[in-house]
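First up is the structure itself, then whatever we jot down about it.
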2 protein chains.
Amino acid sequence: MDVALRAVADPTRRAILRLVRENEIPAGDIARQFPSMSRPAVSQHLRVLSDAGLVDVRPDGNRRLYRLRPEGLNDMAAFLDEIWTDNLTRLKAVAEREEWPQRARDANQVPHQKA
Amino acid sequence: MDVALRAVADPTRRAILRLVRENEIPAGDIARQFPSMSRPAVSQHLRVLSDAGLVDVRPDGNRRLYRLRPEGLNDMAAFLDEIWTDNLTRLKAVAEREEWPQRARDANQVPHQKA
DNA sequence: CATCTATGTAAGCTTATGATTACATAGTTC
DNA sequence: GAACTATGTAATCATAAGCTTACATAGATG
């Protein structure tokens, strides 16, 4: 989980993921989308994404085509689920949507010092 | 978006989020859950989470009670949606997630393109 | 072949991050 | 109000992250 979440934490890499979301794109084209940084920098980002399982690579003659590997984000989705599975928190996240009935607060797993 | 995603990229902070997911917990109790690191380290993590809008803090006499602020993860959910808006990719991701719930991805033979 | 194109890797630099210990501050309690 | 408790902050350090330039390599092309 760690590797994917850390990879996604970088804005450049998120931008890359958006780029390759629908189409295979050669590394050079991707790099060209980031004129503010060097091509090797982008190449290294691609490496990180690849290591994190967030993109697939495929050689195509001279070039290397990248594309999104959507399953790579499963850990992130799982984390969201884990956090939001709780009804209270989920309701809170969409609090303003509707009125919800009072609910008993249940026992905690982490001991409070004293009440 | 950046600040929240970067905050969540750290495993200790994710663990903290799980702790405060359902209950308010005083900082000291949280720190006690991480015997392998110093209390100030945890305090700084709490600061990061707070700055990222992922937790709320409330003074309670001597102590400070932390609890999850679920809306703080909305950006992360939005990013997931943005990437997964394509139904096929989403289905694909979910399919693999259910098939390999333990998330053991093999780096060599990538098992995509099922069915 | 000679060389041009696309791309990855290595080395090195700078800044960010996460940790530690020492200290400061606010509240509680006797 | 003196001492104790809970917690945050400051200073500092080691390591990680991200960038750059220089170099290496694989495939395309004349």
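Here, A, B, ... name the chains of the structure tokens in the order displayed, residue numbers run from 1 inside each chain, and ligands are numbered from 1 in the same displayed order.
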Quick one: residues within 12 Å of Ala27 of chain B, only C-alpha atoms (C1' of nucleotides), excluding same-chain residues fewer than 2 positions away - as a PyMOL selection string?
(chain A and resi 110+112-113) or (chain B and resi 16+19-20+24-25+29-34+39-47+55-60+62-67) or (chain D and resi 6-8)
Hey, can you spit out that residue selection with C-alpha atoms (C1' of nucleotides) as a compact mmCIF listing (two decimals), in the first residue's frame?
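This is the output file result.txt:
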# COMPACT_ATOMS: atom_id res chain seq x y z
CA VAL A 110 -8.37 2.54 22.26
CA HIS A 112 -9.42 6.59 27.07
CA GLN A 113 -7.34 7.64 29.97
CA ILE B 16 -3.49 7.46 13.44
CA LEU B 19 -7.36 5.19 15.53
CA VAL B 20 -9.41 8.35 15.53
CA GLU B 24 -12.15 11.27 19.99
CA ILE B 25 -8.81 10.30 21.43
CA ASP B 29 -3.37 7.91 24.09
CA ILE B 30 -2.55 8.12 20.44
CA ALA B 31 1.13 8.42 21.13
CA ARG B 32 0.93 5.42 23.43
CA GLN B 33 -0.14 3.34 20.45
CA PHE B 34 3.26 3.90 18.91
CA ARG B 39 5.67 11.24 21.75
CA PRO B 40 6.80 14.44 20.01
CA ALA B 41 7.09 12.54 16.76
CA VAL B 42 3.46 11.56 17.05
CA SER B 43 2.57 15.09 18.02
CA GLN B 44 4.15 16.32 14.81
CA HIS B 45 2.24 13.77 12.82
CA LEU B 46 -0.93 15.05 14.43
CA ARG B 47 0.04 18.51 13.36
CA VAL B 55 -8.49 15.53 11.83
CA ASP B 56 -10.26 17.91 14.12
CA VAL B 57 -8.84 18.92 17.48
CA ARG B 58 -10.68 19.98 20.57
CA PRO B 59 -9.20 21.04 23.90
CA ASP B 60 -10.51 19.13 26.86
CA ASN B 62 -5.52 19.38 30.09
CA ARG B 63 -5.70 17.36 26.96
CA ARG B 64 -6.43 17.71 23.30
CA LEU B 65 -8.87 15.36 21.71
CA TYR B 66 -8.41 14.33 18.11
CA ARG B 67 -10.92 12.78 15.84
C1' DA D 6 -0.55 16.60 29.05
C1' DT D 7 0.97 18.42 25.09
C1' DG D 8 3.11 21.38 21.72
Show which residues sit within 12 Å of DC13 of chain D, as an MDAnalysis selection string. Count only C-alpha atoms (C1' of nucleotides), and ignore same-chain residues fewer than 3 positions away.
chainID C and resid 17:21
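Put simply, atom CA of Arg13 of chain B is 16.7 Å away from atom CA of Ala77 of chain A.
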Per residue of chain D within 9 Å of chain A, note the shortest atom pair and the distance in Å to one decimal, counting only C-alpha atoms (C1' of nucleotides), and order the rows by chain and increasing residue number, as a tab-separated table.
residue	atom	partner	partner_atom	distance
D:DG18	C1'	A:Ala41	CA	7.8
D:DC19	C1'	A:Ala41	CA	6.5
D:DT20	C1'	A:Ser38	CA	7.5
D:DA26	C1'	A:Asn62	CA	7.3
D:DG27	C1'	A:Asn62	CA	4.9
D:DA28	C1'	A:Asn62	CA	7.0
Written file, previous selection with N, CA and C atoms (P, O5', C5', C4', C3', O3' and C1' of nucleotides), as a compact mmCIF listing (two decimals), in the first residue's frame:
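Once everything was written out, this is again-v9.txt:
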# COMPACT_ATOMS: atom_id res chain seq x y z
P DG D 18 9.17 12.46 -4.62
O5' DG D 18 9.95 13.48 -5.55
C5' DG D 18 9.92 14.86 -5.22
C4' DG D 18 10.96 15.60 -6.02
C3' DG D 18 10.93 15.29 -7.52
O3' DG D 18 10.77 16.50 -8.22
C1' DG D 18 13.14 15.19 -6.66
P DC D 19 10.62 16.53 -9.78
O5' DC D 19 12.00 17.20 -10.23
C5' DC D 19 12.33 18.50 -9.74
C4' DC D 19 13.80 18.79 -10.03
C3' DC D 19 14.21 18.51 -11.46
O3' DC D 19 14.33 19.71 -12.20
C1' DC D 19 15.83 17.71 -9.88
P DT D 20 14.78 19.58 -13.77
O5' DT D 20 16.38 19.54 -13.67
C5' DT D 20 17.06 20.55 -12.89
C4' DT D 20 18.56 20.45 -13.10
C3' DT D 20 18.93 20.18 -14.56
O3' DT D 20 19.89 21.08 -15.05
C1' DT D 20 19.85 18.48 -13.15
P DA D 26 21.71 -2.52 -25.32
O5' DA D 26 20.24 -2.58 -25.91
C5' DA D 26 19.16 -1.95 -25.20
C4' DA D 26 18.13 -1.46 -26.21
C3' DA D 26 18.09 -2.30 -27.49
O3' DA D 26 16.74 -2.40 -27.88
C1' DA D 26 18.56 -0.07 -28.02
P DG D 27 16.27 -3.57 -28.88
O5' DG D 27 15.71 -2.72 -30.12
C5' DG D 27 14.60 -1.87 -29.90
C4' DG D 27 14.68 -0.71 -30.87
C3' DG D 27 14.57 -1.11 -32.35
O3' DG D 27 13.41 -0.49 -32.87
C1' DG D 27 16.25 0.49 -32.00
P DA D 28 12.95 -0.68 -34.38
O5' DA D 28 13.44 0.67 -35.02
C5' DA D 28 12.78 1.87 -34.68
C4' DA D 28 13.28 3.03 -35.51
C3' DA D 28 13.12 2.87 -37.02
O3' DA D 28 12.82 4.16 -37.55
C1' DA D 28 15.40 3.13 -36.51
Within 12 Å of chain A: each chain C residue with its shortest pair, only C-alpha atoms (C1' of nucleotides), as JSON lines:
{"residue": "C:DC4", "atom": "C1'", "partner": "A:Asn62", "partner_atom": "CA", "distance": 11.8}
{"residue": "C:DT5", "atom": "C1'", "partner": "A:Asn62", "partner_atom": "CA", "distance": 7.8}
{"residue": "C:DA6", "atom": "C1'", "partner": "A:Arg63", "partner_atom": "CA", "distance": 5.6}
{"residue": "C:DT7", "atom": "C1'", "partner": "A:Arg63", "partner_atom": "CA", "distance": 7.0}
{"residue": "C:DG8", "atom": "C1'", "partner": "A:Ser43", "partner_atom": "CA", "distance": 7.3}
{"residue": "C:DT9", "atom": "C1'", "partner": "A:Pro40", "partner_atom": "CA", "distance": 9.2}
{"residue": "C:DA10", "atom": "C1'", "partner": "A:Pro40", "partner_atom": "CA", "distance": 11.5}
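Look at Ala4 of chain B: the protein and nucleic acid residues within 8 Å of it, using only C-alpha atoms (C1' of nucleotides) and passing over chain neighbours fewer than 5 places away, are Leu49, Ala52, Gly53, Leu54, Gly72, Leu73, Asp75 and Met76 of chain B.
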Save out the residues we just selected, N, CA and C atoms, as a short mmCIF file (atom, residue, chain, number, x, y, z; two decimals), in the first residue's frame.
data_model
loop_
_atom_site.label_atom_id
_atom_site.label_comp_id
_atom_site.auth_asym_id
_atom_site.auth_seq_id
_atom_site.Cartn_x
_atom_site.Cartn_y
_atom_site.Cartn_z
N LEU B 49 -1.53 16.10 10.14
CA LEU B 49 -2.90 15.67 9.84
C LEU B 49 -3.89 16.81 10.03
N ALA B 52 -3.64 19.28 7.31
CA ALA B 52 -4.20 18.74 6.07
C ALA B 52 -5.71 18.63 6.14
N GLY B 53 -6.29 19.01 7.27
CA GLY B 53 -7.74 18.94 7.41
C GLY B 53 -8.26 17.53 7.56
N LEU B 54 -7.39 16.64 7.98
CA LEU B 54 -7.82 15.25 8.11
C LEU B 54 -8.30 14.90 9.51
N GLY B 72 -12.00 15.40 5.02
CA GLY B 72 -10.62 15.65 4.59
C GLY B 72 -10.16 14.71 3.51
N LEU B 73 -10.84 13.58 3.39
CA LEU B 73 -10.43 12.61 2.38
C LEU B 73 -11.18 12.79 1.07
N ASP B 75 -10.82 14.92 -1.27
CA ASP B 75 -9.95 15.15 -2.43
C ASP B 75 -9.39 13.83 -2.96
N MET B 76 -9.04 12.98 -2.01
CA MET B 76 -8.52 11.69 -2.42
C MET B 76 -9.58 10.90 -3.17
#
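Taking atom CA of Arg14 of chain B as the reference point, atom C1' of DA14 of chain D is found at 23.2 Å.
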To test your reading of the structure, identify every residue in segment 32-81 of chain B that backbone DSSP assigns to alpha helix (DSSP H), and report it as a ChimeraX atom specification.
/B:32,39-51,74-81
Per-residue DSSP, segment 6-77 of chain A, filtered to strand (DSSP E or B), as an MDAnalysis selection string
chainID A and resid 25:26 55:60 63:68
Compile the contact shell of DA22 of chain C as an NGL selection string: residues with an atom at most 12 Å away, counting only C-alpha atoms (C1' of nucleotides), same-chain residues fewer than 4 positions apart removed.
(:B and (40)) or (:D and (9-12))
